[in-house]
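Encoded as structure tokens, the structure appears first; notes follow it.
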Amino acid sequence: MKSLRGALALGLLLHALLLSAVPVSASASCETALLVIDVQVWFLDWHSWVTVSGEEIVPAISRLLEPARDAEIPVIYIRDLSLDRRGDGDHLQIHQDIAPLEGDAVFTKFEGDALSNPDLVAHLEESGIERLLISGIASDGCVQATFRSAYRAGYEIIIITDAHAHSDGTVLATEAMNRTWLGWGLEGHPMDEIDWLALACLDDTADSKDVQTAPATP
């Protein structure tokens, strides 16, 4: 009997040790990333960049970042260094009101298409990203160039319809871009109608109540 109890105790001990050695996944697989394209100090001096709601682009992106971060969706900032011969400086940094946080990725480019940077492409592939939420400036320039390239590369694209702005600086021009893109069959939604819970990259033990979800649409 003693030998049986001893064997049982040893078995329980070995089982506990094995459990402690098994790696536990800290979070679910994340397939979505948010791109914030070219919201830089110098570009914002050109004119008022407004979204379809008439809201300026920086406050709009700021509102977008909150639910994305709550859902632990990776935020990737893109900076354009192609338009100013003075070189990289403070004037080409991301606007301070939406500045990258620790852990955010920042990539630079020298042409409109953000995916022209092979380091960004490698980062997306290594991170397992298959879906891109697109925001930033300009709707008719670098935003459009980026999502066209990403679409051709096989990424699922979701345009945040109220988080980009046209180089015209007018609501009408930004609205026209949305109509064009949606007419092509691309997916696009205002940020308040995004199902953040469905896109979330949260710890397995996280309380889903902490994730901001969109109200049901009529």
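Residues in the structure tokens are named by chain (A, B, ... in the order shown) and by number from 1 within that chain; ligands are numbered from 1 in the order shown.
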
Long-range neighbours of A:Ile94 as a short mmCIF file (atom, residue, chain, number, x, y, z; two decimals) with N, CA and C atoms, in the first residue's frame, 6 Å cut-off, only C-alpha atoms, 2 positions minimum in chain:
```cif
data_model
loop_
_atom_site.label_atom_id
_atom_site.label_comp_id
_atom_site.auth_asym_id
_atom_site.auth_seq_id
_atom_site.Cartn_x
_atom_site.Cartn_y
_atom_site.Cartn_z
N VAL A 39 0.27 61.07 -41.07
CA VAL A 39 -0.33 62.18 -40.30
C VAL A 39 0.82 62.91 -39.60
N GLN A 40 1.56 63.68 -40.38
CA GLN A 40 2.82 64.30 -39.96
C GLN A 40 2.70 65.82 -39.84
N ALA A 99 0.89 60.62 -31.22
CA ALA A 99 2.24 60.07 -31.32
C ALA A 99 2.26 58.59 -30.98
#
```

Using backbone DSSP assignments, extract all alpha helix (DSSP H) residues from stretch 28-179 of chain A; output them as a PyMOL selection string. chain A and resi 41-44+57-70+118-127+144-152+171-179

Could you write out the selected residues, including C-alpha atoms, as a PDB file, in the first residue's frame?
```
ATOM      1  CA  VAL A  41       3.445  67.788 -38.633  1.00  0.00           C
ATOM      2  CA  TRP A  42       4.569  69.435 -41.876  1.00  0.00           C
ATOM      3  CA  PHE A  43       1.760  67.966 -43.974  1.00  0.00           C
ATOM      4  CA  LEU A  44      -0.829  69.228 -41.513  1.00  0.00           C
ATOM      5  CA  ILE A  57      -7.948  64.375 -39.183  1.00  0.00           C
ATOM      6  CA  VAL A  58      -5.883  64.439 -35.972  1.00  0.00           C
ATOM      7  CA  PRO A  59      -8.874  64.313 -33.568  1.00  0.00           C
ATOM      8  CA  ALA A  60     -10.449  61.688 -35.817  1.00  0.00           C
ATOM      9  CA  ILE A  61      -7.361  59.457 -35.662  1.00  0.00           C
ATOM     10  CA  SER A  62      -7.184  60.037 -31.915  1.00  0.00           C
ATOM     11  CA  ARG A  63     -10.745  58.731 -31.558  1.00  0.00           C
ATOM     12  CA  LEU A  64      -9.869  55.759 -33.753  1.00  0.00           C
ATOM     13  CA  LEU A  65      -6.815  54.778 -31.729  1.00  0.00           C
ATOM     14  CA  GLU A  66      -8.728  54.314 -28.482  1.00  0.00           C
ATOM     15  CA  PRO A  67     -10.951  51.363 -29.483  1.00  0.00           C
ATOM     16  CA  ALA A  68      -8.157  49.853 -31.589  1.00  0.00           C
ATOM     17  CA  ARG A  69      -5.771  49.881 -28.630  1.00  0.00           C
ATOM     18  CA  ASP A  70      -8.492  48.567 -26.287  1.00  0.00           C
ATOM     19  CA  PRO A 118      10.185  45.834 -47.662  1.00  0.00           C
ATOM     20  CA  ASP A 119      10.663  46.066 -43.890  1.00  0.00           C
ATOM     21  CA  LEU A 120       6.939  46.807 -43.487  1.00  0.00           C
ATOM     22  CA  VAL A 121       6.036  43.888 -45.746  1.00  0.00           C
ATOM     23  CA  ALA A 122       8.290  41.571 -43.733  1.00  0.00           C
ATOM     24  CA  HIS A 123       6.804  42.863 -40.462  1.00  0.00           C
ATOM     25  CA  LEU A 124       3.259  42.143 -41.647  1.00  0.00           C
ATOM     26  CA  GLU A 125       4.207  38.664 -42.817  1.00  0.00           C
ATOM     27  CA  GLU A 126       6.110  37.785 -39.639  1.00  0.00           C
ATOM     28  CA  SER A 127       3.216  39.077 -37.501  1.00  0.00           C
ATOM     29  CA  GLN A 144      -5.136  55.071 -51.932  1.00  0.00           C
ATOM     30  CA  ALA A 145      -1.714  53.955 -53.190  1.00  0.00           C
ATOM     31  CA  THR A 146      -1.217  51.846 -50.077  1.00  0.00           C
ATOM     32  CA  PHE A 147      -4.537  50.053 -50.075  1.00  0.00           C
ATOM     33  CA  ARG A 148      -4.343  49.357 -53.805  1.00  0.00           C
ATOM     34  CA  SER A 149      -0.965  47.704 -53.288  1.00  0.00           C
ATOM     35  CA  ALA A 150      -2.194  45.831 -50.208  1.00  0.00           C
ATOM     36  CA  TYR A 151      -5.287  44.625 -52.054  1.00  0.00           C
ATOM     37  CA  ARG A 152      -3.169  43.302 -54.920  1.00  0.00           C
ATOM     38  CA  VAL A 171     -15.552  67.241 -46.958  1.00  0.00           C
ATOM     39  CA  LEU A 172     -16.989  66.819 -50.457  1.00  0.00           C
ATOM     40  CA  ALA A 173     -13.700  65.523 -51.844  1.00  0.00           C
ATOM     41  CA  THR A 174     -13.322  63.016 -49.001  1.00  0.00           C
ATOM     42  CA  GLU A 175     -16.926  61.869 -49.442  1.00  0.00           C
ATOM     43  CA  ALA A 176     -16.268  61.344 -53.154  1.00  0.00           C
ATOM     44  CA  MET A 177     -13.313  59.078 -52.395  1.00  0.00           C
ATOM     45  CA  ASN A 178     -15.471  56.921 -50.116  1.00  0.00           C
ATOM     46  CA  ARG A 179     -18.106  56.580 -52.818  1.00  0.00           C
TER      47      ARG A 179
END
```

With distances taken over only C-alpha atoms, which residue among A:Gly183, A:Ala200, A:Cys142, A:Pro190 lies nearest A:Ile159? A:Pro190

When DSSP works through the backbone of this structure, what residues of stretch 88-202 of chain A end up as strand (DSSP E), shown as a list of chain:residue names? A:Ala105, A:Val106, A:Phe107, A:Thr108, A:Lys109, A:Arg131, A:Leu132, A:Leu133, A:Ile134, A:Ser135, A:Gly136, A:Ile137, A:Glu156, A:Ile157, A:Ile158, A:Ile159, A:Ile160, A:Thr161, A:Asp162, A:Ala163, A:His164, A:Ala165, A:Glu187, A:Gly188, A:His189

Restrict the selected residues to C-alpha atoms and save them as a PDB file, in the first residue's frame.
```pdb
ATOM      1  CA  ALA A 105       5.659  50.064 -35.098  1.00  0.00           C
ATOM      2  CA  VAL A 106       6.804  53.015 -37.241  1.00  0.00           C
ATOM      3  CA  PHE A 107       7.930  52.638 -40.841  1.00  0.00           C
ATOM      4  CA  THR A 108       9.119  55.221 -43.352  1.00  0.00           C
ATOM      5  CA  LYS A 109       8.674  55.395 -47.100  1.00  0.00           C
ATOM      6  CA  ARG A 131      -6.342  42.298 -42.597  1.00  0.00           C
ATOM      7  CA  LEU A 132      -5.526  46.021 -42.683  1.00  0.00           C
ATOM      8  CA  LEU A 133      -7.610  48.859 -41.283  1.00  0.00           C
ATOM      9  CA  ILE A 134      -6.639  51.940 -43.308  1.00  0.00           C
ATOM     10  CA  SER A 135      -6.613  55.565 -42.106  1.00  0.00           C
ATOM     11  CA  GLY A 136      -4.636  58.765 -42.648  1.00  0.00           C
ATOM     12  CA  ILE A 137      -3.795  61.214 -45.437  1.00  0.00           C
ATOM     13  CA  GLU A 156      -8.269  42.078 -46.658  1.00  0.00           C
ATOM     14  CA  ILE A 157      -8.836  45.842 -46.636  1.00  0.00           C
ATOM     15  CA  ILE A 158     -11.204  47.806 -44.401  1.00  0.00           C
ATOM     16  CA  ILE A 159     -11.335  51.534 -45.087  1.00  0.00           C
ATOM     17  CA  ILE A 160     -12.192  53.600 -42.006  1.00  0.00           C
ATOM     18  CA  THR A 161     -14.486  55.971 -43.873  1.00  0.00           C
ATOM     19  CA  ASP A 162     -14.322  58.800 -41.329  1.00  0.00           C
ATOM     20  CA  ALA A 163     -10.600  58.553 -40.540  1.00  0.00           C
ATOM     21  CA  HIS A 164      -8.996  59.709 -43.789  1.00  0.00           C
ATOM     22  CA  ALA A 165      -8.871  63.073 -45.542  1.00  0.00           C
ATOM     23  CA  GLU A 187     -15.188  47.194 -47.472  1.00  0.00           C
ATOM     24  CA  GLY A 188     -15.521  50.459 -45.563  1.00  0.00           C
ATOM     25  CA  HIS A 189     -17.145  51.528 -42.295  1.00  0.00           C
TER      26      HIS A 189
END
```

If we count only C-alpha atoms and set the cut-off at 8 Å, which residues sit around A:Asp80, ignoring sequence neighbours fewer than 2 positions away in its own chain? Please answer as number ranges by chain. A: 38, 78, 82-83, 92, 108-112

May I have the selected residues written with C-alpha atoms, as a short mmCIF file (atom, residue, chain, number, x, y, z; two decimals), in the first residue's frame?
```
data_model
loop_
_atom_site.label_atom_id
_atom_site.label_comp_id
_atom_site.auth_asym_id
_atom_site.auth_seq_id
_atom_site.Cartn_x
_atom_site.Cartn_y
_atom_site.Cartn_z
CA ASP A 38 1.39 60.14 -43.04
CA ILE A 78 3.73 55.27 -41.68
CA SER A 82 9.84 61.90 -49.99
CA LEU A 83 8.43 65.44 -50.16
CA LEU A 92 8.21 65.03 -40.48
CA THR A 108 9.12 55.22 -43.35
CA LYS A 109 8.67 55.40 -47.10
CA PHE A 110 9.97 57.43 -50.02
CA GLU A 111 6.95 57.07 -52.30
CA GLY A 112 3.19 56.94 -51.94
#
```

Could you tell me which of A:Glu56, A:Asp97, A:Asp104, A:Asp195 comes closest to A:Val75 if we count only C-alpha atoms? A:Asp104

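The closest residue to A:Gln93, picked from A:Leu186, A:Leu199, A:Ala153, A:Leu81 and counting only C-alpha atoms, is A:Leu81.
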